[in-house]
Structure formats: C-alpha cells, structure tokens
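Source file: start_30.tsv (TSV, C-alpha atoms)
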chain	number	residue	atom	x	y	z
B	1	MET	CA	-63.12	-18.59	2.31
B	2	ILE	CA	-60.88	-16.81	4.81
B	3	PRO	CA	-57.84	-19.09	4.25
B	4	ALA	CA	-58.19	-18.76	0.47
B	5	LEU	CA	-58.26	-14.98	0.82
B	6	GLY	CA	-55.21	-15.20	3.04
B	7	LEU	CA	-53.41	-17.25	0.42
B	8	VAL	CA	-54.23	-14.76	-2.35
B	9	ALA	CA	-53.23	-11.84	-0.12
B	10	GLY	CA	-49.94	-13.60	0.64
B	11	LEU	CA	-49.28	-14.17	-3.08
B	12	ILE	CA	-49.92	-10.50	-3.88
B	13	LEU	CA	-47.80	-9.42	-0.91
B	14	GLY	CA	-44.92	-11.62	-2.07
B	15	LEU	CA	-45.17	-10.33	-5.65
B	16	LEU	CA	-45.25	-6.70	-4.52
B	17	LEU	CA	-42.56	-6.86	-1.84
B	18	HIS	CA	-40.31	-9.22	-3.82
B	19	PRO	CA	-38.17	-10.05	-0.78
B	20	ASP	CA	-34.57	-11.03	-1.42
B	21	VAL	CA	-33.87	-14.62	-0.49
B	22	PRO	CA	-30.33	-15.08	0.86
B	23	LEU	CA	-28.20	-17.37	-1.28
B	24	TRP	CA	-27.75	-20.06	1.38
B	25	LEU	CA	-31.52	-20.45	1.62
B	26	GLN	CA	-32.14	-20.88	-2.10
B	27	PRO	CA	-31.47	-24.63	-2.43
B	28	TYR	CA	-34.21	-25.27	0.15
B	29	LEU	CA	-36.88	-23.23	-1.62
B	30	PRO	CA	-38.14	-25.71	-4.26
B	31	ILE	CA	-38.50	-28.59	-1.80
B	32	ALA	CA	-40.08	-26.31	0.82
B	33	VAL	CA	-42.63	-25.13	-1.76
B	34	VAL	CA	-43.56	-28.71	-2.68
B	35	ALA	CA	-43.87	-29.61	1.01
B	36	ALA	CA	-46.08	-26.56	1.65
B	37	LEU	CA	-48.27	-27.48	-1.33
B	38	ASP	CA	-48.66	-30.99	0.08
B	39	ALA	CA	-49.81	-29.58	3.43
B	40	VAL	CA	-52.25	-27.21	1.68
B	41	PHE	CA	-53.80	-29.95	-0.47
B	42	GLY	CA	-54.06	-32.22	2.57
B	43	ALA	CA	-55.86	-29.42	4.43
B	44	VAL	CA	-58.31	-28.84	1.56
B	45	ARG	CA	-59.13	-32.53	1.53
B	46	ALA	CA	-59.57	-32.57	5.31
B	47	VAL	CA	-61.99	-29.63	5.04
B	48	LEU	CA	-64.04	-31.52	2.47
B	49	ASP	CA	-63.93	-34.69	4.57
B	50	GLY	CA	-65.22	-32.62	7.49
B	51	ILE	CA	-62.31	-33.44	9.77
B	52	PHE	CA	-60.22	-30.29	9.38
B	53	ASN	CA	-58.23	-29.23	12.40
B	54	ASP	CA	-56.30	-25.97	12.33
B	55	ARG	CA	-53.66	-27.15	14.80
B	56	VAL	CA	-52.97	-30.26	12.80
B	57	PHE	CA	-52.70	-28.19	9.62
B	58	VAL	CA	-50.23	-25.71	11.07
B	59	ILE	CA	-48.11	-28.44	12.63
B	60	SER	CA	-48.13	-30.56	9.47
B	61	PHE	CA	-47.19	-27.52	7.37
B	62	LEU	CA	-44.29	-26.51	9.61
B	63	SER	CA	-43.00	-30.05	10.07
B	64	ASN	CA	-43.24	-30.73	6.31
B	65	VAL	CA	-41.15	-27.67	5.49
B	66	VAL	CA	-38.60	-28.32	8.23
B	67	VAL	CA	-38.18	-32.01	7.36
B	68	ALA	CA	-37.88	-31.21	3.65
B	69	ALA	CA	-35.19	-28.61	4.36
B	70	LEU	CA	-33.42	-31.05	6.67
B	71	ILE	CA	-33.41	-33.74	3.99
B	72	VAL	CA	-31.96	-31.37	1.42
B	73	PHE	CA	-29.33	-30.16	3.89
B	74	LEU	CA	-28.36	-33.69	4.89
B	75	GLY	CA	-28.32	-34.81	1.26
B	76	ASP	CA	-26.01	-31.94	0.33
B	77	GLN	CA	-23.65	-32.83	3.18
B	78	LEU	CA	-23.59	-36.49	2.10
B	79	GLY	CA	-23.29	-35.72	-1.61
B	80	VAL	CA	-26.65	-37.25	-2.54
B	81	GLY	CA	-28.62	-33.99	-2.44
B	82	SER	CA	-30.21	-34.28	-5.87
B	83	GLN	CA	-31.24	-37.92	-5.37
B	84	LEU	CA	-32.82	-37.21	-1.99
B	85	SER	CA	-34.60	-34.16	-3.43
B	86	THR	CA	-35.97	-36.35	-6.21
B	87	GLY	CA	-37.22	-38.84	-3.62
B	88	VAL	CA	-38.94	-36.11	-1.62
B	89	VAL	CA	-40.56	-34.66	-4.74
B	90	VAL	CA	-41.81	-38.10	-5.83
B	91	VAL	CA	-43.34	-38.94	-2.44
B	92	LEU	CA	-44.93	-35.52	-1.91
B	93	GLY	CA	-46.05	-35.43	-5.54
B	94	LEU	CA	-47.80	-38.81	-5.14
B	95	ARG	CA	-49.54	-37.52	-2.01
B	96	ILE	CA	-50.60	-34.31	-3.72
B	97	PHE	CA	-52.07	-36.26	-6.63
B	98	SER	CA	-54.01	-38.73	-4.48
B	99	ASN	CA	-55.33	-35.91	-2.26
B	100	MET	CA	-56.31	-34.09	-5.43
B	101	ALA	CA	-58.21	-37.19	-6.57
B	102	ALA	CA	-60.17	-37.21	-3.27
B	103	ILE	CA	-60.91	-33.47	-3.59
B	104	ARG	CA	-62.15	-34.07	-7.12
B	105	ARG	CA	-64.45	-36.85	-5.91
B	106	HIS	CA	-65.90	-34.50	-3.28
B	107	LEU	CA	-66.39	-31.53	-5.56
B	108	PHE	CA	-67.59	-33.14	-8.80
B	109	HIS	CA	-68.71	-36.55	-7.52
B	110	ALA	CA	-66.62	-38.06	-10.26
G	1	MET	CA	-44.74	-52.04	-2.69
G	2	SER	CA	-46.61	-51.45	0.55
G	3	LEU	CA	-45.07	-47.99	0.92
G	4	ILE	CA	-46.51	-46.73	-2.35
G	5	THR	CA	-49.85	-48.47	-1.74
G	6	GLU	CA	-50.05	-46.86	1.70
G	7	LEU	CA	-49.19	-43.52	0.13
G	8	MET	CA	-51.86	-43.88	-2.56
G	9	THR	CA	-54.68	-45.12	-0.31
G	10	HIS	CA	-54.05	-42.92	2.76
G	11	PRO	CA	-52.52	-39.75	1.44
G	12	LEU	CA	-54.06	-37.67	4.22
G	13	ASP	CA	-52.08	-36.93	7.34
G	14	PRO	CA	-53.35	-39.48	9.94
G	15	ALA	CA	-53.26	-36.69	12.53
G	16	TYR	CA	-56.48	-35.23	11.03
G	17	GLU	CA	-58.35	-38.49	11.67
G	18	ALA	CA	-56.93	-38.77	15.17
G	19	ALA	CA	-57.80	-35.17	16.06
G	20	ALA	CA	-61.33	-35.59	14.68
G	21	ALA	CA	-61.85	-38.78	16.70
G	22	ARG	CA	-60.62	-37.09	19.86
G	23	ARG	CA	-62.96	-34.10	19.38
G	24	GLU	CA	-65.84	-36.46	18.74
G	25	ARG	CA	-65.19	-38.16	22.04
G	26	GLU	CA	-65.28	-34.77	23.74
G	27	ASP	CA	-68.69	-34.06	22.17
G	28	ARG	CA	-67.42	-31.27	19.96
G	29	PRO	CA	-67.84	-31.00	16.17
G	30	ARG	CA	-65.32	-33.11	14.26
G	31	SER	CA	-63.94	-30.13	12.39
G	32	THR	CA	-62.59	-26.98	13.99
G	33	GLY	CA	-63.80	-24.85	11.10
G	34	LEU	CA	-61.79	-22.33	9.17
G	35	ARG	CA	-62.20	-19.27	11.36
G	36	SER	CA	-58.85	-19.33	13.05
G	37	PRO	CA	-56.29	-16.50	13.08
G	38	MET	CA	-53.45	-19.04	13.07
G	39	LEU	CA	-54.81	-20.55	9.85
G	40	LEU	CA	-54.95	-17.12	8.24
G	41	ILE	CA	-51.36	-16.38	9.22
G	42	VAL	CA	-50.10	-19.71	7.86
G	43	CYS	CA	-52.03	-19.23	4.61
G	44	LEU	CA	-50.52	-15.76	4.27
G	45	LEU	CA	-47.10	-17.30	4.89
G	46	VAL	CA	-47.68	-20.00	2.23
G	47	GLY	CA	-48.75	-17.35	-0.28
G	48	VAL	CA	-45.69	-15.18	0.37
G	49	GLY	CA	-43.48	-18.25	0.16
G	50	LEU	CA	-44.94	-19.35	-3.16
G	51	ALA	CA	-44.61	-15.90	-4.72
G	52	THR	CA	-41.08	-15.41	-3.40
G	53	SER	CA	-39.91	-18.81	-4.60
G	54	ALA	CA	-41.42	-18.29	-8.02
G	55	LEU	CA	-39.74	-14.91	-8.36
G	56	THR	CA	-36.41	-16.10	-7.00
G	57	LEU	CA	-36.06	-19.39	-8.83
G	58	ARG	CA	-37.43	-18.37	-12.21
G	59	LEU	CA	-34.62	-17.46	-14.59
G	60	PRO	CA	-35.71	-14.51	-16.67
G	61	LEU	CA	-35.65	-15.31	-20.38
G	62	GLY	CA	-32.68	-13.97	-22.24
G	63	LEU	CA	-30.64	-13.40	-19.10
G	64	ALA	CA	-28.13	-16.09	-20.00
G	65	LYS	CA	-27.82	-14.67	-23.50
G	66	LYS	CA	-27.26	-11.19	-22.11
G	67	GLN	CA	-24.57	-12.42	-19.75
G	68	HIS	CA	-22.90	-14.32	-22.58
G	69	ASP	CA	-22.85	-11.21	-24.76
G	70	GLN	CA	-21.50	-9.16	-21.87
G	71	LEU	CA	-18.67	-11.63	-21.32
G	72	VAL	CA	-17.83	-11.73	-25.02
G	73	SER	CA	-17.69	-7.96	-25.29
G	74	SER	CA	-15.59	-7.67	-22.14
G	75	VAL	CA	-13.15	-10.28	-23.49
G	76	GLN	CA	-12.92	-8.35	-26.75
G	77	ALA	CA	-12.35	-5.09	-24.90
G	78	ARG	CA	-9.51	-6.63	-22.89
G	79	GLN	CA	-8.06	-8.11	-26.08
G	80	ASP	CA	-8.05	-4.64	-27.62
G	81	THR	CA	-6.27	-3.29	-24.54
G	82	ILE	CA	-3.66	-6.03	-24.85
G	83	ASP	CA	-3.17	-5.23	-28.54
G	84	SER	CA	-2.69	-1.52	-27.94
G	85	ASP	CA	-0.38	-2.17	-25.00
G	86	THR	CA	1.65	-4.62	-27.08
G	87	SER	CA	2.14	-2.10	-29.85
G	88	ALA	CA	3.14	0.52	-27.26
G	89	ILE	CA	5.66	-1.93	-25.81
G	90	ASN	CA	7.07	-2.66	-29.26
G	91	GLU	CA	7.42	1.05	-29.96
G	92	LEU	CA	9.26	1.58	-26.66
G	93	GLN	CA	11.42	-1.46	-27.36
G	94	ARG	CA	12.41	0.08	-30.69
G	95	GLN	CA	13.34	3.31	-28.93
G	96	ILE	CA	15.41	1.41	-26.37
G	97	THR	CA	17.26	-0.40	-29.14
G	98	ALA	CA	17.97	2.87	-30.91
G	99	TYR	CA	19.29	4.48	-27.72
G	100	GLN	CA	21.37	1.39	-26.98
G	101	ASN	CA	22.99	1.53	-30.40
G	102	GLN	CA	23.57	5.24	-29.97
G	103	ALA	CA	25.19	4.74	-26.60
G	104	LEU	CA	27.40	1.91	-27.82
G	105	LYS	CA	28.45	3.95	-30.84
G	106	HIS	CA	29.23	6.81	-28.53
G	107	VAL	CA	31.83	4.74	-26.66
G	108	HIS	CA	33.13	3.11	-29.87
G	109	ARG	CA	32.08	-0.41	-29.03
G	110	SER	CA	30.70	-1.48	-32.39
G	111	ASP	CA	31.54	-5.14	-31.65
G	112	GLN	CA	29.09	-5.08	-28.77
G	113	SER	CA	26.54	-3.35	-30.95
G	114	THR	CA	26.62	-6.13	-33.52
G	115	GLN	CA	26.51	-8.77	-30.79
G	116	LEU	CA	23.51	-7.05	-29.31
G	117	SER	CA	21.59	-7.00	-32.57
G	118	ARG	CA	22.50	-10.65	-33.21
G	119	LEU	CA	21.16	-11.60	-29.78
G	120	ALA	CA	18.06	-9.51	-30.38
G	121	VAL	CA	17.35	-11.50	-33.55
G	122	LEU	CA	17.96	-14.80	-31.78
G	123	THR	CA	15.70	-14.02	-28.82
G	124	GLY	CA	12.97	-12.62	-31.02
G	125	ALA	CA	13.19	-9.16	-29.46
G	126	VAL	CA	13.15	-7.44	-32.85
G	127	ALA	CA	11.26	-7.99	-36.07
G	128	VAL	CA	13.30	-9.62	-38.81
G	129	LYS	CA	12.96	-10.12	-42.52
G	130	GLY	CA	14.70	-12.17	-45.10
G	131	PRO	CA	14.16	-14.96	-47.60
G	132	GLY	CA	11.97	-17.77	-46.39
G	133	LEU	CA	8.70	-19.56	-46.84
G	134	ASN	CA	5.07	-19.34	-45.93
G	135	LEU	CA	3.32	-22.52	-44.85
G	136	SER	CA	-0.43	-22.27	-44.55
G	137	ILE	CA	-2.36	-25.01	-42.75
G	138	ASP	CA	-6.14	-25.14	-42.41
G	139	ASP	CA	-8.71	-27.49	-40.91
G	140	ALA	CA	-10.30	-30.06	-43.23
G	141	LYS	CA	-13.32	-28.84	-45.17
G	142	GLY	CA	-15.86	-30.85	-43.16
G	143	ALA	CA	-14.44	-29.94	-39.77
G	144	ASP	CA	-16.71	-27.94	-37.57
G	145	THR	CA	-15.01	-24.61	-37.13
G	146	ASP	CA	-17.58	-23.03	-34.89
G	147	ALA	CA	-16.01	-20.78	-32.32
G	148	GLN	CA	-17.76	-22.40	-29.37
G	149	GLY	CA	-15.36	-25.32	-29.61
G	150	ASN	CA	-17.25	-27.50	-27.18
G	151	PRO	CA	-15.53	-30.88	-27.34
G	152	ARG	CA	-18.60	-32.68	-25.98
G	153	THR	CA	-20.94	-31.55	-28.72
G	154	ASP	CA	-18.31	-31.56	-31.40
G	155	SER	CA	-18.29	-34.85	-33.27
G	156	SER	CA	-16.31	-33.83	-36.32
G	157	SER	CA	-13.02	-32.88	-34.69
G	158	ASP	CA	-10.98	-35.35	-36.75
G	159	GLY	CA	-10.14	-32.84	-39.44
G	160	ARG	CA	-8.88	-30.23	-37.05
G	161	VAL	CA	-5.33	-29.06	-36.74
G	162	THR	CA	-4.26	-29.68	-33.16
G	163	SER	CA	-1.55	-28.05	-31.10
G	164	SER	CA	0.59	-31.18	-31.27
G	165	ASP	CA	0.41	-31.14	-35.09
G	166	MET	CA	1.59	-27.56	-34.92
G	167	GLN	CA	4.46	-28.46	-32.58
G	168	ILE	CA	5.70	-31.26	-34.84
G	169	ILE	CA	5.54	-29.08	-37.96
G	170	VAL	CA	7.28	-26.17	-36.25
G	171	ASN	CA	10.02	-28.47	-34.94
G	172	GLY	CA	10.43	-29.83	-38.46
G	173	LEU	CA	10.94	-26.31	-39.75
G	174	TRP	CA	13.52	-25.51	-37.05
G	175	GLN	CA	15.35	-28.70	-38.06
G	176	SER	CA	15.25	-27.64	-41.69
G	177	GLY	CA	17.19	-24.51	-40.88
G	178	ALA	CA	14.58	-21.89	-40.08
G	179	GLU	CA	16.13	-18.95	-38.28
G	180	ALA	CA	13.04	-17.11	-37.12
G	181	MET	CA	9.42	-18.11	-37.18
G	182	ALA	CA	5.97	-16.76	-36.49
G	183	ILE	CA	2.53	-18.35	-36.55
G	184	ASN	CA	-0.22	-15.93	-37.57
G	185	GLY	CA	2.03	-13.06	-36.52
G	186	GLN	CA	3.02	-14.57	-33.18
G	187	ARG	CA	6.83	-14.81	-33.03
G	188	LEU	CA	8.19	-18.11	-31.76
G	189	THR	CA	10.81	-17.42	-29.10
G	190	ALA	CA	12.52	-19.48	-26.44
G	191	GLU	CA	9.60	-18.71	-24.15
G	192	THR	CA	6.87	-19.56	-26.65
G	193	ALA	CA	4.58	-22.47	-25.95
G	194	ILE	CA	2.26	-23.94	-28.56
G	195	ARG	CA	-0.58	-25.37	-26.59
G	196	PHE	CA	-4.32	-25.74	-26.65
G	197	ALA	CA	-7.28	-24.50	-24.66
G	198	GLY	CA	-10.39	-26.42	-25.57
G	199	GLU	CA	-10.17	-26.61	-29.35
G	200	ALA	CA	-8.21	-23.42	-29.88
G	201	ILE	CA	-4.47	-23.36	-30.45
G	202	LEU	CA	-2.60	-20.89	-28.24
G	203	VAL	CA	0.73	-19.42	-29.24
G	204	ASN	CA	2.33	-16.99	-26.78
G	205	PHE	CA	-0.91	-17.50	-24.83
G	206	ARG	CA	-2.89	-15.83	-27.61
G	207	PRO	CA	-5.62	-17.91	-29.26
G	208	LEU	CA	-5.23	-18.32	-33.01
G	209	SER	CA	-7.94	-19.05	-35.50
G	210	PRO	CA	-7.44	-21.10	-38.65
G	211	PRO	CA	-5.99	-20.90	-41.25
G	212	TYR	CA	-2.64	-21.00	-39.51
G	213	THR	CA	0.18	-19.39	-41.46
G	214	ILE	CA	3.72	-20.21	-40.41
G	215	THR	CA	6.22	-17.68	-41.64
G	216	ALA	CA	9.80	-18.88	-41.48
G	217	VAL	CA	12.99	-17.03	-42.36
G	218	GLY	CA	15.68	-19.28	-43.81
G	219	ALA	CA	17.22	-20.50	-47.03
G	220	GLY	CA	13.92	-20.66	-48.97
G	221	ASN	CA	14.14	-23.54	-51.43
G	222	GLU	CA	16.67	-25.55	-49.46
G	223	MET	CA	14.58	-25.24	-46.31
G	224	GLU	CA	11.49	-26.42	-48.20
G	225	ARG	CA	13.35	-29.41	-49.58
G	226	LYS	CA	14.75	-30.37	-46.17
G	227	PHE	CA	11.40	-29.92	-44.48
G	228	LYS	CA	9.58	-32.11	-47.00
G	229	ALA	CA	12.16	-34.86	-46.57
G	230	GLY	CA	12.21	-34.62	-42.76
G	231	THR	CA	9.81	-35.79	-40.06
G	232	GLY	CA	7.73	-32.59	-40.11
G	233	GLY	CA	7.03	-32.82	-43.83
G	234	VAL	CA	6.20	-36.53	-43.68
G	235	TYR	CA	3.87	-35.88	-40.73
G	236	LEU	CA	2.15	-33.02	-42.57
G	237	GLY	CA	1.77	-35.26	-45.63
G	238	GLY	CA	0.09	-37.83	-43.39
G	239	LEU	CA	-2.32	-35.21	-42.05
G	240	VAL	CA	-3.22	-34.09	-45.56
G	241	GLY	CA	-3.64	-37.67	-46.77
G	242	SER	CA	-5.58	-39.13	-43.86
G	243	TYR	CA	-7.64	-36.26	-42.48
G	244	GLY	CA	-8.02	-33.90	-45.41
G	245	ILE	CA	-6.20	-31.06	-43.69
G	246	ARG	CA	-5.36	-28.41	-46.25
G	247	SER	CA	-1.84	-27.08	-46.54
G	248	THR	CA	0.03	-24.89	-49.01
G	249	MET	CA	3.69	-23.96	-48.98
G	250	SER	CA	5.35	-21.20	-50.92
G	251	THR	CA	8.85	-19.79	-50.85
G	252	SER	CA	9.37	-16.08	-50.94
G	253	LYS	CA	12.32	-13.76	-51.48
G	254	SER	CA	11.36	-11.69	-48.50
G	255	VAL	CA	9.15	-12.56	-45.55
G	256	ASN	CA	8.56	-10.48	-42.43
G	257	VAL	CA	8.59	-12.00	-38.97
G	258	PRO	CA	7.40	-9.61	-36.24
G	259	ALA	CA	9.02	-9.17	-32.85
G	260	GLY	CA	7.90	-11.43	-30.05
G	261	PRO	CA	6.64	-10.40	-26.65
G	262	ALA	CA	9.41	-8.96	-24.52
G	263	PRO	CA	10.64	-11.64	-22.12
G	264	LEU	CA	10.29	-10.65	-18.50
G	265	LEU	CA	13.43	-11.63	-16.66
G	266	ALA	CA	12.83	-10.80	-13.04
G	267	TYR	CA	14.97	-13.43	-11.34
G	268	ALA	CA	17.34	-15.01	-13.88
G	269	LYS	CA	20.88	-13.62	-13.64
G	270	VAL	CA	24.01	-14.51	-15.56
G	271	SER	CA	25.85	-17.24	-13.72
G	272	LYS	CA	29.30	-16.28	-12.42
G	273	GLU	CA	30.95	-19.57	-13.45
G	274	LYS	CA	32.33	-19.16	-16.93
G	275	LYS	CA	33.16	-22.17	-19.02
Take the structure from the file and write it as structure tokens.
Amino acid sequence: MIPALGLVAGLILGLLLHPDVPLWLQPYLPIAVVAALDAVFGAVRAVLDGIFNDRVFVISFLSNVVVAALIVFLGDQLGVGSQLSTGVVVVLGLRIFSNMAAIRRHLFHA
Amino acid sequence: MSLITELMTHPLDPAYEAAAARREREDRPRSTGLRSPMLLIVCLLVGVGLATSALTLRLPLGLAKKQHDQLVSSVQARQDTIDSDTSAINELQRQITAYQNQALKHVHRSDQSTQLSRLAVLTGAVAVKGPGLNLSIDDAKGADTDAQGNPRTDSSSDGRVTSSDMQIIVNGLWQSGAEAMAINGQRLTAETAIRFAGEAILVNFRPLSPPYTITAVGAGNEMERKFKAGTGGVYLGGLVGSYGIRSTMSTSKSVNVPAGPAPLLAYAKVSKEKK
C-alpha cells in the first residue's frame, strides 16, 4: 500500500506545484513517462509473483528512464528521432501489455 | 521473430528472478517486501513525473485558436498603422510638391516646374487622372477563394488569377499605350513588383484580394482596341475561355490613379557622365 500512496502523493504534488519543465528537457518527457510506466508495471507484476526486490525496481526504473532519454537524444542527433521514439514506445508498450496480462491473471484468475 | 516472442513471454525484468534466486540461496524470503524508504521516494518521483508531463505536454483546448486570432488582429493592427502612415506620407508629399512649385515660381524657373511635374507623373509620385479604362478580373466561380490559401489543401486552384497572369495583362496594357496604372488602388511604378505569396497576389508588397481592378490612364478606346489585339488581350481571352476567369473591361472619360509609394533613394545618385 505504501508505494501506491507514494504514487498518489506524487501525482497530487506534481499537480499542485506544477513545476516548469525547461524547454530542452521536453522532448524527453513522453519517452521517459512510458519507460517509468514500464518499470512500475514490471514492479507490480513482481510483487504479485512474490519476487519483488526494491533495489532491482529502483535500478530498472532509473536505467529505463536514462536509456530512453539517451535513445531520444541520439535519435535527434542522427535525424531519426521520431523513428527511434516509435521503436521505444512499441517495445515498452508490448512489455507493459504482457505484464498487464500477468497481473490480470494474478488478480482475477482469468 | 524471436525478439518479439521473447518480449511477449518474458516481459519481466530478468533481474527480479535473479535477485529472488540469490536471496533464496541466502535463506531469506524471495521478496524484499514493500516497506522500503527508497521505494517510497521513487514512487513519489514517478507520480510527480507523470503529473508534470501531463501538465506540460497537454495542449490546452482553444489555445491554438486564441493564438491564431491574436496573430490576425495584430496583423490587422499593423496594416492599419501602415495605411495611416501612408496617407500621412502622401499628405506630406503633396505639401512638398506645393512648396517646390512655389520655390521654382519664385525664381522664375517655370520650365523646371513643368519638368518636375512631368517626372512626378512618370515616377508615380503624384496621383493622376485622365481618360482611360477599367479592367476587372476575378477568379472563376468555382475557385476556392478562402483566405487561408493553403496550396496543399486547395484542390481547385485552376480558376485562380495568378501573379503571372497579372504581369502579362499589365505588360499588355503598357504596350497598348497606358500611361499610368494601378491595381486595386496600388500604383504601378518602376519599383513595383507583381508577385505572389502563397495564393495571394502582392502589388507594392501589399496583398490584394479579388476582384482585381486595373485602372489605366491612356487613350481609352484606342488602348482597348490595341490591348485586345495584342498578347495581353489574347492571353486574357485564353484565361476566360479555358479556366472560366471572369473579366470585364470598360472605357471611361475620366479615371483616377492614386500616387504610388514614395521611392526611397538612399544610395542612387545621378551619374556624372552625360551622354
């Protein structure tokens, strides 16, 4: 329950504070969000599988976000930014959906 | 597609399995549990990130429309400024001409005075009137005359009057003996360019909207006859016949052609070598 409360508190904090994101950081936001979501769904599944490990979660979250940002940066430098972003979204989206399927099996046995 | 199969069957980070196996070997529970301050901090971070991204990346509805309206009104405001400034310039120009004539009269140089007014007519510095004709040209009936003028969405641009049509017709009129000309009130001078920006025709860098009315001072009926026989008239006939562009021509005993924009000569000087 504690992580879920933390997530909600973070959402409310973000909505209330409404921090200004510098312009150079904005292209990285969408991909970073998808990467973070992937880490979160993976963690939820690990909890349900009974193999959750907080260190692994934190490291996978940070590395996901950093690698996603790196890919976008590199893609922009090479002129294939949108294509690489699409690739990242497809791969992470696939992972999110299959993790979601496992979570569903755990929760509803269906 | 082993990559996609791998992704679909083992979506979970393999590090979780590895960590669980290691902890099992060390006789500890497979899971670390959720009571970890680091986990709380990261979850807080994820929440803030989600909210911030949503707020930053979401375009508020109607913002684009508001910006568009703002731009349109600012363009119109500037246009009004240009109009008022132009009329002020014309008024001052008239005063200068009057003072010039006065000064020349004062020193009894009426020959220079007449030369000056002749040059003023030729360069378009003053408004002129005299016999002439009005030629009105409009886009074909079916042509899309929406002001957006986006060439990519506009499929029915065949019936539109283009800047090159305008150039050919104007040149035809000059050939037919026109002495001064204006399109929709924009005097054609030596510095005038008839060009296009998107779908709009620019004369003296001012956008014109159809119908385009060319006012020409010259020998009315004779000019009309010459024009119709010349290249300009034949070309216009072709436009009317093939594309349905509408045109009407009428001669008049007296037409008014306004003054053009004052030419700015900052660098050009009269050459010393005389022929």
* Pull out every residue of chain B that has at least one atom within 6 Å of chain G, counting all atoms listed in the file, and report them as an MDAnalysis selection string. => chainID B and resid 3 6:7 10:11 14:15 42 50:53 95 98
List as a compact mmCIF listing (two decimals) with C-alpha atoms, in the frame of the given file: which residues have an atom within 8 Å of (-7.4, -17.4, -34.5), counting all atoms listed in the file?
# COMPACT_ATOMS: atom_id res chain seq x y z
CA ASN G 184 -0.22 -15.93 -37.57
CA ALA G 200 -8.21 -23.42 -29.88
CA ILE G 201 -4.47 -23.36 -30.45
CA PRO G 207 -5.62 -17.91 -29.26
CA LEU G 208 -5.23 -18.32 -33.01
CA SER G 209 -7.94 -19.05 -35.50
CA PRO G 210 -7.44 -21.10 -38.65
CA PRO G 211 -5.99 -20.90 -41.25
CA TYR G 212 -2.64 -21.00 -39.51
Once you add 6 Å to each side, what are the centre and edge lengths of the axis-aligned box holding all listed atoms of region 265-273 of chain G? One decimal in Å, as AutoDock Vina command-line options, if you can.
--center_x 21.9 --center_y -15.2 --center_z -14.0 --size_x 30.1 --size_y 20.8 --size_z 17.3
* Find the distance between CA of Gly230 (chain G) and CA of Thr189 (chain G) and write it in Å to one decimal. => 22.0 Å
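Residue nearest Thr251 (chain G) within the list G:Val270, G:Val217, G:Leu133, G:Ile183: G:Leu133 [criterion: smallest interatomic distance, all atoms listed in the file].
Among B:Leu48, B:Leu37, B:Leu84, B:Val58, the residue with the shortest atom-to-atom distance to Arg104 (chain B), counting only C-alpha atoms, is B:Leu48.
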* Structure fact -> Between CA of Ala35 (chain B) and CA of Gly87 (chain B) lies a distance of 12.3 Å
* **9 Å contact set for Ile168 (chain G), all atoms listed in the file, chain neighbours under 5 positions out, as a PyMOL selection string** => chain G and resi 163+173+231-232+235-236
* What is the distance, in Å and to one decimal place, between CA of Gly220 (chain G) and CA of Ile137 (chain G)? -> 18.0 Å
* Distance criterion (all atoms listed in the file): nearest to Ala229 (chain G) out of G:Ser242, G:Gln100, G:Thr213, G:Gln175 -> G:Gln175
